[in-house]
file protein_22.txt (compact mmCIF, C-alpha atoms)
# COMPACT_ATOMS: atom_id res chain seq x y z
CA MET A 30 -9.28 12.40 20.40
CA ARG A 31 -7.29 9.38 21.59
CA ILE A 32 -6.75 7.31 18.46
CA LEU A 33 -5.44 3.75 18.29
CA TYR A 34 -3.80 3.21 14.88
CA GLY A 35 -3.17 -0.42 13.84
CA VAL A 36 -0.73 -1.09 11.00
CA VAL A 37 -0.20 -4.48 9.34
CA GLY A 38 3.53 -5.20 9.30
CA GLU A 39 3.94 -7.27 6.12
CA GLY A 40 5.65 -5.06 3.53
CA MET A 41 6.78 -1.50 4.21
CA GLY A 42 4.10 0.20 2.12
CA HIS A 43 1.57 0.14 4.94
CA ALA A 44 4.09 1.68 7.33
CA THR A 45 5.15 4.52 5.04
CA ARG A 46 1.54 5.39 4.25
CA SER A 47 0.42 5.17 7.88
CA LYS A 48 3.30 7.44 8.92
CA VAL A 49 1.85 10.21 6.74
CA VAL A 50 -1.63 9.85 8.25
CA CYS A 51 -0.36 9.64 11.83
CA GLU A 52 1.72 12.80 11.40
CA HIS A 53 -1.38 14.59 10.12
CA LEU A 54 -3.47 13.37 13.06
CA ILE A 55 -0.88 14.44 15.63
CA ALA A 56 -0.52 17.84 13.95
CA GLY A 57 -4.29 18.18 14.31
CA GLY A 58 -4.08 17.74 18.08
CA HIS A 59 -5.01 14.07 18.39
CA ASP A 60 -3.22 11.66 20.72
CA VAL A 61 -2.14 8.65 18.65
CA LYS A 62 -0.93 5.23 19.83
CA ILE A 63 0.37 2.95 17.07
CA VAL A 64 0.38 -0.86 17.15
CA VAL A 65 2.42 -2.58 14.45
CA SER A 66 4.39 -5.74 13.69
CA GLY A 67 7.52 -6.71 11.76
CA ARG A 68 10.06 -4.32 10.20
CA ALA A 69 7.39 -1.63 10.20
CA HIS A 70 7.76 -1.31 14.00
CA SER A 71 11.36 -0.10 13.91
CA PHE A 72 10.54 2.22 11.01
CA LEU A 73 7.63 3.93 12.81
CA ALA A 74 9.38 3.97 16.19
CA LYS A 75 12.01 6.30 14.71
CA THR A 76 9.35 9.01 14.27
CA PHE A 77 6.72 8.36 16.94
CA HIS A 78 7.25 7.86 20.66
CA ASP A 79 4.14 5.75 21.36
CA VAL A 80 4.55 2.63 19.22
CA VAL A 81 3.63 -0.86 20.50
CA GLU A 82 5.15 -3.90 18.82
CA ILE A 83 2.97 -6.95 18.19
CA ARG A 84 3.48 -10.12 16.16
CA GLY A 85 1.94 -10.33 12.71
CA LEU A 86 1.48 -12.58 9.70
CA THR A 87 4.22 -13.00 7.10
CA ILE A 88 4.27 -13.87 3.40
CA ARG A 89 6.75 -16.32 1.88
CA TYR A 90 8.07 -15.60 -1.64
CA VAL A 91 9.73 -18.02 -4.07
CA ASP A 92 10.99 -16.84 -7.49
CA ASN A 93 8.87 -13.66 -7.42
CA ARG A 94 5.76 -15.68 -6.54
CA MET A 95 3.78 -15.77 -3.32
CA ASP A 96 4.05 -19.31 -1.95
CA ARG A 97 0.46 -19.91 -0.82
CA ASP A 98 1.09 -23.26 0.88
CA GLY A 99 4.29 -22.13 2.58
CA THR A 100 2.70 -18.88 3.74
CA LEU A 101 -0.33 -20.70 5.15
CA ALA A 102 1.75 -23.34 6.94
CA ARG A 103 4.10 -20.76 8.48
CA ASN A 104 1.25 -18.61 9.80
CA VAL A 105 -0.85 -21.50 11.09
CA LEU A 106 2.11 -22.76 13.12
CA ALA A 107 2.83 -19.27 14.47
CA ALA A 108 -0.79 -18.34 15.24
CA PRO A 109 -1.15 -19.65 18.85
CA GLY A 110 1.97 -17.93 20.14
CA MET A 111 1.24 -14.80 18.13
CA LEU A 112 -2.27 -14.53 19.57
CA ALA A 113 -1.04 -14.92 23.15
CA ALA A 114 1.72 -12.32 22.69
CA ASN A 115 -0.62 -9.80 21.08
CA VAL A 116 -3.32 -10.17 23.73
CA GLY A 117 -0.67 -9.51 26.37
CA ALA A 118 0.57 -6.41 24.56
CA TYR A 119 -2.93 -5.04 24.20
CA PHE A 120 -3.89 -5.49 27.83
CA ALA A 121 -0.57 -4.13 29.08
CA LYS A 122 -0.11 -1.15 26.78
CA VAL A 123 -3.30 -0.39 24.87
CA ALA A 124 -6.19 -0.81 27.29
CA LYS A 125 -4.72 1.83 29.64
CA PHE A 126 -4.63 4.28 26.72
CA ARG A 127 -8.46 4.13 26.57
CA PRO A 128 -8.76 4.97 22.84
CA GLN A 129 -11.91 6.71 21.63
CA ILE A 130 -11.56 5.68 17.99
CA VAL A 131 -9.59 3.05 16.09
CA ILE A 132 -8.04 3.37 12.63
CA ALA A 133 -6.87 0.14 10.98
CA ASP A 134 -4.52 -0.15 8.03
CA PHE A 135 -5.53 -3.75 7.30
CA ASP A 136 -4.65 -4.69 10.91
CA SER A 137 -6.94 -7.25 12.55
CA PHE A 138 -5.90 -6.78 16.17
CA ALA A 139 -6.71 -3.07 16.38
CA TYR A 140 -9.98 -3.80 14.59
CA LEU A 141 -10.89 -6.59 17.06
CA PHE A 142 -9.99 -4.33 19.98
CA ALA A 143 -12.46 -1.75 18.62
CA LYS A 144 -15.23 -4.30 18.23
CA ARG A 145 -14.60 -5.79 21.68
CA HIS A 146 -14.85 -2.37 23.34
CA GLY A 147 -17.63 -0.91 21.19
CA LEU A 148 -15.41 1.73 19.60
CA PRO A 149 -15.87 3.29 16.15
CA VAL A 150 -13.36 1.96 13.62
CA VAL A 151 -12.14 3.43 10.33
CA SER A 152 -10.36 1.41 7.66
CA ILE A 153 -7.64 3.17 5.63
CA ASP A 154 -5.98 0.89 3.07
CA ASN A 155 -5.99 -0.02 -0.61
CA GLN A 156 -7.03 -3.69 -0.36
CA GLN A 157 -10.71 -2.95 0.25
CA ILE A 158 -11.08 -1.90 -3.39
CA VAL A 159 -11.19 -5.61 -4.29
CA SER A 160 -14.29 -6.14 -2.19
CA ARG A 161 -16.15 -2.85 -2.34
CA CYS A 162 -15.81 -1.82 -6.02
CA LYS A 163 -17.06 -3.18 -9.34
CA LEU A 164 -13.85 -4.15 -11.12
CA GLY A 165 -13.55 -4.34 -14.89
CA LYS A 166 -13.67 -7.76 -16.56
CA PHE A 167 -10.11 -7.27 -17.82
CA ALA A 168 -8.95 -7.12 -14.19
CA LYS A 169 -10.24 -10.64 -13.47
CA GLN A 170 -9.58 -12.43 -16.74
CA GLY A 171 -7.39 -15.50 -16.24
CA VAL A 172 -7.03 -14.91 -12.49
CA LYS A 173 -10.58 -15.48 -11.25
CA VAL A 174 -9.49 -17.90 -8.53
CA ASP A 175 -7.00 -15.36 -7.13
CA TYR A 176 -9.67 -12.66 -7.40
CA GLN A 177 -12.35 -14.67 -5.58
CA MET A 178 -9.96 -15.79 -2.85
CA THR A 179 -8.68 -12.26 -2.30
CA LYS A 180 -12.16 -10.74 -2.28
CA ALA A 181 -13.35 -13.27 0.31
CA PHE A 182 -10.29 -12.67 2.48
CA VAL A 183 -10.53 -8.87 2.28
CA ARG A 184 -14.25 -8.93 3.00
CA ALA A 185 -13.72 -11.09 6.09
CA LYS A 186 -10.67 -9.19 7.35
CA LEU A 187 -12.29 -5.93 8.55
CA PRO A 188 -16.08 -6.24 8.19
CA ALA A 189 -18.58 -3.59 9.32
CA CYS A 190 -16.23 -0.66 9.87
CA ASP A 191 -17.86 2.73 10.37
CA HIS A 192 -16.10 4.04 7.27
CA TYR A 193 -13.70 2.76 4.61
CA VAL A 194 -11.14 5.09 3.06
CA ILE A 195 -9.59 3.39 0.01
CA THR A 196 -6.38 4.73 -1.50
CA THR A 197 -6.05 4.21 -5.26
CA PHE A 198 -4.81 5.71 -8.54
CA PHE A 199 -7.79 4.27 -10.47
CA TYR A 200 -11.48 4.73 -9.74
CA PRO A 201 -13.86 1.83 -10.48
CA PRO A 202 -17.48 2.41 -9.40
CA LEU A 203 -18.44 1.47 -5.85
CA ARG A 204 -20.91 -1.33 -5.29
CA GLY A 205 -24.27 0.20 -4.46
CA LYS A 206 -24.53 -1.08 -0.89
CA TYR A 207 -21.12 0.41 -0.03
CA GLU A 208 -21.57 3.93 -1.42
CA LYS A 209 -22.54 5.57 1.88
CA ASP A 210 -19.63 4.30 3.98
CA THR A 211 -16.79 4.16 1.44
CA THR A 212 -14.62 6.91 -0.08
CA LEU A 213 -11.93 6.54 -2.74
CA VAL A 214 -8.96 8.92 -2.44
CA PRO A 215 -5.63 9.23 -4.30
CA PRO A 216 -2.56 7.31 -3.08
CA ILE A 217 -0.90 8.52 0.12
CA LEU A 218 2.36 10.32 -0.65
CA ARG A 219 5.41 10.77 1.56
CA ARG A 220 6.71 14.31 2.14
CA SER A 221 9.91 13.43 0.27
CA ILE A 222 7.85 12.53 -2.83
CA LEU A 223 5.82 15.74 -2.61
CA ASP A 224 9.06 17.72 -2.39
CA ALA A 225 10.54 15.81 -5.35
CA LYS A 226 7.76 16.97 -7.68
CA SER A 227 9.56 20.25 -8.41
CA ARG A 228 12.80 18.53 -9.45
CA THR A 229 11.35 15.73 -11.58
CA ARG A 230 13.22 15.17 -14.82
CA SER A 231 13.58 12.45 -17.45
CA GLY A 232 17.11 11.08 -17.13
CA ASP A 233 18.99 8.45 -19.11
CA TYR A 234 18.30 5.49 -16.79
CA VAL A 235 15.42 3.28 -15.66
CA LEU A 236 14.71 2.75 -11.97
CA VAL A 237 14.09 -0.90 -11.05
CA TYR A 238 12.61 -1.92 -7.70
CA GLN A 239 11.81 -5.49 -6.65
CA THR A 240 10.04 -6.19 -3.36
CA SER A 241 11.25 -9.79 -3.31
CA ALA A 242 14.93 -10.63 -3.77
CA SER A 243 13.93 -14.10 -5.02
CA ASP A 244 13.71 -13.12 -8.73
CA MET A 245 16.96 -14.75 -9.83
CA LYS A 246 16.62 -13.91 -13.55
CA LEU A 247 16.23 -10.17 -13.09
CA LEU A 248 19.81 -9.05 -13.74
CA SER A 249 20.40 -11.27 -16.75
CA GLU A 250 17.29 -9.92 -18.48
CA LEU A 251 18.28 -6.31 -17.75
CA GLN A 252 21.86 -6.83 -18.92
CA SER A 253 20.66 -8.19 -22.23
CA ILE A 254 19.29 -4.73 -23.09
CA ARG A 255 22.73 -3.25 -23.67
CA ASP A 256 21.64 0.20 -24.84
CA ALA A 257 19.75 0.97 -21.61
CA LYS A 258 20.96 1.86 -18.11
CA PHE A 259 19.30 0.52 -14.96
CA VAL A 260 19.48 1.56 -11.30
CA VAL A 261 18.32 -1.45 -9.27
CA TYR A 262 16.94 -1.46 -5.71
CA GLY A 263 15.72 -4.48 -3.76
CA LEU A 264 18.67 -6.87 -4.15
CA ARG A 265 20.12 -5.49 -0.92
CA LYS A 266 23.67 -4.69 -1.99
CA ASN A 267 25.80 -2.06 -3.69
CA ALA A 268 27.44 -3.34 -6.87
CA ARG A 269 27.94 -2.73 -10.57
CA HIS A 270 27.08 -5.34 -13.19
CA GLY A 271 27.52 -3.98 -16.70
CA ASN A 272 24.63 -1.60 -17.39
CA CYS A 273 23.08 -2.27 -13.97
CA THR A 274 23.95 -0.25 -10.87
CA LEU A 275 22.74 -2.03 -7.72
CA LYS A 276 22.00 0.06 -4.64
CA GLU A 277 21.05 -0.70 -1.07
CA PHE A 278 17.94 1.15 -0.01
CA SER A 279 18.08 4.67 1.41
CA GLU A 280 15.04 6.90 1.30
CA ASP A 281 16.81 10.03 0.05
CA GLY A 282 18.80 8.18 -2.58
CA PHE A 283 15.77 6.24 -3.80
CA VAL A 284 13.58 9.33 -4.11
CA ASP A 285 16.32 11.20 -6.01
CA ASP A 286 16.71 8.27 -8.41
CA LEU A 287 12.94 8.04 -8.85
CA ALA A 288 12.66 11.76 -9.60
CA GLY A 289 15.38 11.53 -12.27
CA ALA A 290 14.37 8.26 -13.97
CA ARG A 291 12.85 8.16 -17.43
CA ALA A 292 10.74 5.13 -16.44
CA VAL A 293 10.17 2.67 -13.58
CA VAL A 294 10.17 -1.13 -13.43
CA SER A 295 8.44 -2.46 -10.33
CA ASN A 296 6.16 -5.08 -8.86
CA GLY A 297 2.48 -4.26 -8.52
CA GLY A 298 2.55 -2.67 -5.08
CA LEU A 299 0.50 0.50 -4.76
CA SER A 300 3.09 2.66 -2.99
CA LEU A 301 5.70 2.87 -5.74
CA ILE A 302 3.14 2.88 -8.56
CA GLY A 303 1.32 5.77 -6.87
CA GLU A 304 4.56 7.70 -6.38
CA ALA A 305 5.70 7.08 -9.95
CA VAL A 306 2.36 8.16 -11.39
CA PHE A 307 2.40 11.32 -9.25
CA LEU A 308 5.87 12.17 -10.58
CA GLY A 309 4.82 11.44 -14.18
CA LYS A 310 6.88 8.26 -14.67
CA PRO A 311 5.75 5.45 -17.00
CA VAL A 312 5.71 2.09 -15.20
CA PHE A 313 6.51 -1.44 -16.35
CA SER A 314 4.74 -3.52 -13.69
CA VAL A 315 5.48 -7.18 -12.98
CA PRO A 316 3.20 -8.16 -10.09
CA VAL A 317 4.19 -10.89 -7.66
CA ARG A 318 2.34 -13.97 -8.88
CA ASN A 319 -0.62 -15.15 -6.79
CA GLN A 320 -0.98 -11.69 -5.20
CA TYR A 321 -4.19 -10.43 -6.76
CA GLU A 322 -3.92 -6.92 -5.32
CA GLN A 323 -0.70 -6.42 -7.31
CA ILE A 324 -2.19 -7.98 -10.43
CA LEU A 325 -5.13 -5.58 -10.15
CA ASN A 326 -2.87 -2.52 -9.89
CA ALA A 327 -0.79 -3.63 -12.87
CA ARG A 328 -3.80 -4.21 -15.09
CA TYR A 329 -5.42 -0.87 -14.30
CA LEU A 330 -2.05 0.81 -14.87
CA GLU A 331 -2.04 -0.61 -18.39
CA GLU A 332 -5.74 0.12 -18.94
CA LEU A 333 -5.13 3.81 -18.16
CA GLY A 334 -2.19 3.91 -20.56
CA TYR A 335 0.30 4.74 -17.79
CA GLY A 336 2.53 1.79 -18.59
CA LEU A 337 2.66 -1.91 -19.34
CA ALA A 338 1.81 -5.00 -17.27
CA ALA A 339 3.67 -8.30 -17.67
CA ASP A 340 3.81 -11.67 -15.94
CA ARG A 341 7.61 -11.56 -15.69
CA ILE A 342 10.56 -9.42 -16.69
CA GLU A 343 11.63 -10.52 -20.16
CA SER A 344 14.00 -8.46 -22.26
CA ASP A 345 11.83 -8.45 -25.42
CA VAL A 346 8.75 -7.11 -23.63
CA LEU A 347 10.76 -4.66 -21.54
CA ARG A 348 12.45 -3.32 -24.68
CA LEU A 349 9.01 -2.78 -26.24
CA PHE A 350 8.01 -0.78 -23.16
CA LEU A 351 11.18 1.31 -23.26
CA ASP A 352 10.70 2.06 -26.95
CA GLU A 353 7.21 3.38 -26.22
CA THR A 354 7.91 5.33 -23.01
CA PRO A 355 7.11 8.69 -24.72
CA LYS A 356 3.58 7.44 -25.38
CA TYR A 357 3.11 6.28 -21.78
CA ALA A 358 4.71 9.46 -20.44
CA SER A 359 2.19 11.63 -22.30
CA ARG A 360 -0.68 9.66 -20.77
CA VAL A 361 0.62 9.63 -17.21
CA ALA A 362 1.31 13.38 -17.45
CA ARG A 363 -2.45 13.91 -17.49
CA HIS A 364 -2.83 12.40 -14.02
CA ARG A 365 -3.77 15.00 -11.41
CA GLN A 366 -3.35 14.79 -7.64
CA ASP A 367 -3.20 17.65 -5.15
CA GLY A 368 -0.80 15.98 -2.72
CA ASN A 369 -2.62 14.44 0.26
CA ARG A 370 -5.26 17.18 0.51
CA GLU A 371 -8.22 14.98 -0.44
CA LEU A 372 -7.15 12.19 1.93
CA PHE A 373 -6.71 14.55 4.88
CA GLU A 374 -10.06 16.24 4.28
CA VAL A 375 -11.86 12.88 4.22
CA VAL A 376 -10.09 11.57 7.35
CA ASP A 377 -10.78 14.79 9.30
CA ARG A 378 -14.42 14.79 8.23
CA VAL A 379 -14.95 11.14 9.20
CA ILE A 380 -13.28 11.57 12.61
CA GLU A 381 -15.32 14.70 13.31
CA ARG A 382 -18.54 12.88 12.42
CA LEU A 383 -17.69 9.91 14.63
CA ALA A 384 -16.74 12.23 17.51
CA ARG A 385 -20.12 13.97 17.29
CA LYS A 386 -21.87 10.61 17.20
CA ALA A 387 -19.98 9.42 20.29
CA LYS A 388 -20.79 12.66 22.12
CA ARG A 389 -24.51 12.26 21.38
CA ALA A 390 -24.37 8.66 22.60
CA ARG A 391 -22.76 9.73 25.90
CA ALA A 392 -25.32 12.50 26.35
CA SER A 393 -28.14 10.01 25.75
CA GLU A 394 -26.68 7.63 28.36
CA THR A 395 -26.42 10.49 30.90
CA ASP A 396 -30.05 11.49 30.32
CA THR A 397 -31.15 7.90 30.74

call {"tool": "encode", "arguments": {"input": "protein_22.txt", "output": "structure tokens"}}
result
Amino acid sequence: MRILYGVVGEGMGHATRSKVVCEHLIAGGHDVKIVVSGRAHSFLAKTFHDVVEIRGLTIRYVDNRMDRDGTLARNVLAAPGMLAANVGAYFAKVAKFRPQIVIADFDSFAYLFAKRHGLPVVSIDNQQIVSRCKLGKFAKQGVKVDYQMTKAFVRAKLPACDHYVITTFFYPPLRGKYEKDTTLVPPILRRSILDAKSRTRSGDYVLVYQTSASDMKLLSELQSIRDAKFVVYGLRKNARHGNCTLKEFSEDGFVDDLAGARAVVSNGGLSLIGEAVFLGKPVFSVPVRNQYEQILNARYLEELGYGLAADRIESDVLRLFLDETPKYASRVARHRQDGNRELFEVVDRVIERLARKAKRARASETDT
């Protein structure tokens, strides 16, 4: 089939996950056109030849916190020009492709294209878990405003898709009205992570990754734990500060460091948590404040006994986590995931069902 695949460009997690799915679709004989914004465009364009760049929303961070007001103001001001540019890109490069099905990784423009042209649309992302599952009370305690705002936004973002595939490392029950058109699958894993499984070991250092470089207190807190070694990604430079080795990002280097770490310190993004859990690494998760999706991941991580959640990186709490990593390691070692098999089976099954449905609809129109 001709598949239009829309990828939201904010953060690289969506791009790395979508790359895995697109490679699987192309290997299965489908013709895939990708539409994506931001840094994710250059990343995906290195692998795929048919990638259309559009403009997308951005998030502003201040001191490891999502700046709600600044983010809203920036996107409201950019919206008119962004809409005009994206409509032009779609008419010029997408309409001629004549897609038969649309897959959206939290991308509104591909979704709206599907609805405008009466095409089936499949959602593949992790955000829909906020709207379509019954979350534990512990996951909402103290952050009910963030939860309600996020649920309303997610629900309005991609409503009435033909099917929702939700990637997650935890499995809350689905809400009854969503059981027929929603499937939970394990996190999407890059090939480099799958290959690293065989060389996983527990080294003498802790891997630290921060999505936002705005956390100014990070290094001082890490350096105060003098008997621990840290390899730090996300500060965008190579340097050495006492017990902290700073590294610029490279995929091979990062995966090697992840495979050899005894534990991981990260935000609450699903990609790294999912990879760490798959490789059996305990996680100390400090979600970006005001981003409920990250708060949710961190709290379920702690609930499962895979690690510890905290509001900020503080040396006393981090030391407590490091002292108890054997306990967390024994729990996370029980996690089971057969690569991307379950995801691929679900995606193939959904596409096949939608293709049969479309064929029956065309046959009915011909008979009429």

call {"tool": "atom_distance", "arguments": {"input": "protein_22.txt", "atom1": "CA of Gly42 in chain A", "atom2": "CA of Phe198 in chain A"}}
result
14.9 Å

call {"tool": "closest_atom_pairs", "arguments": {"input": "protein_22.txt", "of": "range 169-226 of chain A", "to": "range 313-326 of chain A", "cutoff": "9 Å", "atoms": "only C-alpha atoms", "output": "tab-separated table"}}
result
residue	atom	partner	partner_atom	distance
A:Lys169	CA	A:Leu325	CA	7.9
A:Val172	CA	A:Tyr321	CA	7.8
A:Asp175	CA	A:Tyr321	CA	5.7
A:Tyr176	CA	A:Tyr321	CA	6.0
A:Met178	CA	A:Tyr321	CA	8.8
A:Thr179	CA	A:Tyr321	CA	6.6
A:Thr197	CA	A:Asn326	CA	8.8
A:Phe198	CA	A:Asn326	CA	8.6
A:Phe199	CA	A:Asn326	CA	8.4

call {"tool": "closest_atom_pairs", "arguments": {"input": "protein_22.txt", "of": "range 293-361 of chain A", "to": "range 45-59 of chain A", "cutoff": "12 Å", "atoms": "all atoms listed in the file", "output": "Markdown table"}}
result
| residue | atom | partner | partner_atom | distance |
| --- | --- | --- | --- | --- |
| A:Leu299 | CA | A:Arg46 | CA | 10.3 |
| A:Ser300 | CA | A:Arg46 | CA | 7.9 |
| A:Leu301 | CA | A:Thr45 | CA | 10.9 |
| A:Gly303 | CA | A:Arg46 | CA | 11.1 |
| A:Glu304 | CA | A:Arg46 | CA | 11.3 |

call {"tool": "residues_around", "arguments": {"input": "protein_22.txt", "residues": "range 347-363 of chain A", "least_positions_apart": "5", "cutoff": "10 Å", "atoms": "all atoms listed in the file", "output": "short mmCIF file (atom, residue, chain, number, x, y, z; two decimals) with C-alpha atoms, in the frame of the given file"}}
result
data_model
loop_
_atom_site.label_atom_id
_atom_site.label_comp_id
_atom_site.auth_asym_id
_atom_site.auth_seq_id
_atom_site.Cartn_x
_atom_site.Cartn_y
_atom_site.Cartn_z
CA SER A 231 13.58 12.45 -17.45
CA VAL A 235 15.42 3.28 -15.66
CA GLU A 250 17.29 -9.92 -18.48
CA LEU A 251 18.28 -6.31 -17.75
CA SER A 253 20.66 -8.19 -22.23
CA ILE A 254 19.29 -4.73 -23.09
CA ASP A 256 21.64 0.20 -24.84
CA ALA A 257 19.75 0.97 -21.61
CA ARG A 291 12.85 8.16 -17.43
CA ALA A 292 10.74 5.13 -16.44
CA VAL A 293 10.17 2.67 -13.58
CA VAL A 294 10.17 -1.13 -13.43
CA ALA A 305 5.70 7.08 -9.95
CA VAL A 306 2.36 8.16 -11.39
CA PHE A 307 2.40 11.32 -9.25
CA LEU A 308 5.87 12.17 -10.58
CA GLY A 309 4.82 11.44 -14.18
CA LYS A 310 6.88 8.26 -14.67
CA PRO A 311 5.75 5.45 -17.00
CA VAL A 312 5.71 2.09 -15.20
CA PHE A 313 6.51 -1.44 -16.35
CA SER A 314 4.74 -3.52 -13.69
CA LEU A 330 -2.05 0.81 -14.87
CA GLU A 331 -2.04 -0.61 -18.39
CA LEU A 333 -5.13 3.81 -18.16
CA GLY A 334 -2.19 3.91 -20.56
CA TYR A 335 0.30 4.74 -17.79
CA GLY A 336 2.53 1.79 -18.59
CA LEU A 337 2.66 -1.91 -19.34
CA ALA A 338 1.81 -5.00 -17.27
CA ALA A 339 3.67 -8.30 -17.67
CA ARG A 341 7.61 -11.56 -15.69
CA ILE A 342 10.56 -9.42 -16.69
#

call {"tool": "atom_distance", "arguments": {"input": "protein_22.txt", "atom1": "CA of Ile63 in chain A", "atom2": "CA of Tyr238 in chain A"}}
result
28.1 Å

call {"tool": "atom_distance", "arguments": {"input": "protein_22.txt", "atom1": "CA of Ser71 in chain A", "atom2": "CA of Asp134 in chain A"}}
result
16.9 Å

call {"tool": "closest_residue", "arguments": {"input": "protein_22.txt", "among": "A:Val174, A:Ala168, A:Ile130, A:Leu218", "to": "Val150 in chain A", "atoms": "all atoms listed in the file"}}
result
A:Ile130

call {"tool": "residues_around", "arguments": {"input": "protein_22.txt", "residues": "Phe72 in chain A", "least_positions_apart": "2", "cutoff": "9 Å", "atoms": "all atoms listed in the file", "output": "list of chain:residue names"}}
result
A:Met41, A:Ala44, A:Thr45, A:Arg68, A:Ala69, A:His70, A:Ala74, A:Lys75, A:Thr76

call {"tool": "closest_residue", "arguments": {"input": "protein_22.txt", "among": "A:Gly263, A:Ile380, A:Ala387, A:Ala327", "to": "Ile32 in chain A", "atoms": "only C-alpha atoms"}}
result
A:Ile380

call {"tool": "closest_residue", "arguments": {"input": "protein_22.txt", "among": "A:Ile195, A:Thr229, A:Pro202, A:Ser160", "to": "Phe182 in chain A", "atoms": "all atoms listed in the file"}}
result
A:Ser160

call {"tool": "residues_around", "arguments": {"input": "protein_22.txt", "residues": "Arg228 in chain A", "least_positions_apart": "3", "cutoff": "12 Å", "atoms": "all atoms listed in the file", "output": "count of residues only"}}
result
16

call {"tool": "closest_residue", "arguments": {"input": "protein_22.txt", "among": "A:Thr274, A:Gly298, A:Val37, A:Asp210", "to": "Tyr140 in chain A", "atoms": "all atoms listed in the file"}}
result
A:Val37

call {"tool": "build_atoms", "arguments": {"input": "protein_22.txt", "residues": "range 178-183 of chain A", "atoms": "all heavy atoms", "output": "PDB file, in the frame of the given file"}}
result
ATOM      1  N   MET A 178     -10.593 -15.531  -4.147  1.00  0.00           N
ATOM      2  CA  MET A 178      -9.960 -15.790  -2.850  1.00  0.00           C
ATOM      3  C   MET A 178      -9.604 -14.492  -2.149  1.00  0.00           C
ATOM      4  O   MET A 178      -9.825 -14.336  -0.937  1.00  0.00           O
ATOM      5  CB  MET A 178      -8.714 -16.647  -3.037  1.00  0.00           C
ATOM      6  CG  MET A 178      -8.988 -18.078  -3.447  1.00  0.00           C
ATOM      7  SD  MET A 178      -7.466 -19.022  -3.727  1.00  0.00           S
ATOM      8  CE  MET A 178      -6.727 -18.975  -2.095  1.00  0.00           C
ATOM      9  N   THR A 179      -9.059 -13.545  -2.890  1.00  0.00           N
ATOM     10  CA  THR A 179      -8.680 -12.260  -2.300  1.00  0.00           C
ATOM     11  C   THR A 179      -9.896 -11.484  -1.844  1.00  0.00           C
ATOM     12  O   THR A 179      -9.897 -10.897  -0.756  1.00  0.00           O
ATOM     13  CB  THR A 179      -7.857 -11.434  -3.304  1.00  0.00           C
ATOM     14  OG1 THR A 179      -6.711 -12.172  -3.708  1.00  0.00           O
ATOM     15  CG2 THR A 179      -7.416 -10.111  -2.682  1.00  0.00           C
ATOM     16  N   LYS A 180     -10.941 -11.465  -2.658  1.00  0.00           N
ATOM     17  CA  LYS A 180     -12.160 -10.740  -2.280  1.00  0.00           C
ATOM     18  C   LYS A 180     -12.758 -11.316  -0.998  1.00  0.00           C
ATOM     19  O   LYS A 180     -13.159 -10.561  -0.099  1.00  0.00           O
ATOM     20  CB  LYS A 180     -13.180 -10.807  -3.413  1.00  0.00           C
ATOM     21  CG  LYS A 180     -14.439  -9.996  -3.115  1.00  0.00           C
ATOM     22  CD  LYS A 180     -15.354  -9.889  -4.316  1.00  0.00           C
ATOM     23  CE  LYS A 180     -16.046 -11.191  -4.610  1.00  0.00           C
ATOM     24  NZ  LYS A 180     -17.131 -11.039  -5.616  1.00  0.00           N
ATOM     25  N   ALA A 181     -12.804 -12.648  -0.901  1.00  0.00           N
ATOM     26  CA  ALA A 181     -13.350 -13.270   0.310  1.00  0.00           C
ATOM     27  C   ALA A 181     -12.505 -12.949   1.532  1.00  0.00           C
ATOM     28  O   ALA A 181     -13.031 -12.650   2.615  1.00  0.00           O
ATOM     29  CB  ALA A 181     -13.440 -14.781   0.107  1.00  0.00           C
ATOM     30  N   PHE A 182     -11.180 -12.973   1.361  1.00  0.00           N
ATOM     31  CA  PHE A 182     -10.290 -12.670   2.480  1.00  0.00           C
ATOM     32  C   PHE A 182     -10.421 -11.222   2.927  1.00  0.00           C
ATOM     33  O   PHE A 182     -10.534 -10.937   4.128  1.00  0.00           O
ATOM     34  CB  PHE A 182      -8.848 -12.966   2.068  1.00  0.00           C
ATOM     35  CG  PHE A 182      -7.829 -12.567   3.095  1.00  0.00           C
ATOM     36  CD1 PHE A 182      -7.691 -13.275   4.269  1.00  0.00           C
ATOM     37  CD2 PHE A 182      -7.007 -11.463   2.888  1.00  0.00           C
ATOM     38  CE1 PHE A 182      -6.756 -12.905   5.229  1.00  0.00           C
ATOM     39  CE2 PHE A 182      -6.069 -11.082   3.829  1.00  0.00           C
ATOM     40  CZ  PHE A 182      -5.938 -11.807   5.006  1.00  0.00           C
ATOM     41  N   VAL A 183     -10.429 -10.291   1.960  1.00  0.00           N
ATOM     42  CA  VAL A 183     -10.530  -8.870   2.280  1.00  0.00           C
ATOM     43  C   VAL A 183     -11.869  -8.571   2.954  1.00  0.00           C
ATOM     44  O   VAL A 183     -11.936  -7.807   3.930  1.00  0.00           O
ATOM     45  CB  VAL A 183     -10.345  -8.021   1.011  1.00  0.00           C
ATOM     46  CG1 VAL A 183     -10.711  -6.565   1.274  1.00  0.00           C
ATOM     47  CG2 VAL A 183      -8.916  -8.116   0.510  1.00  0.00           C
TER      48      VAL A 183
END
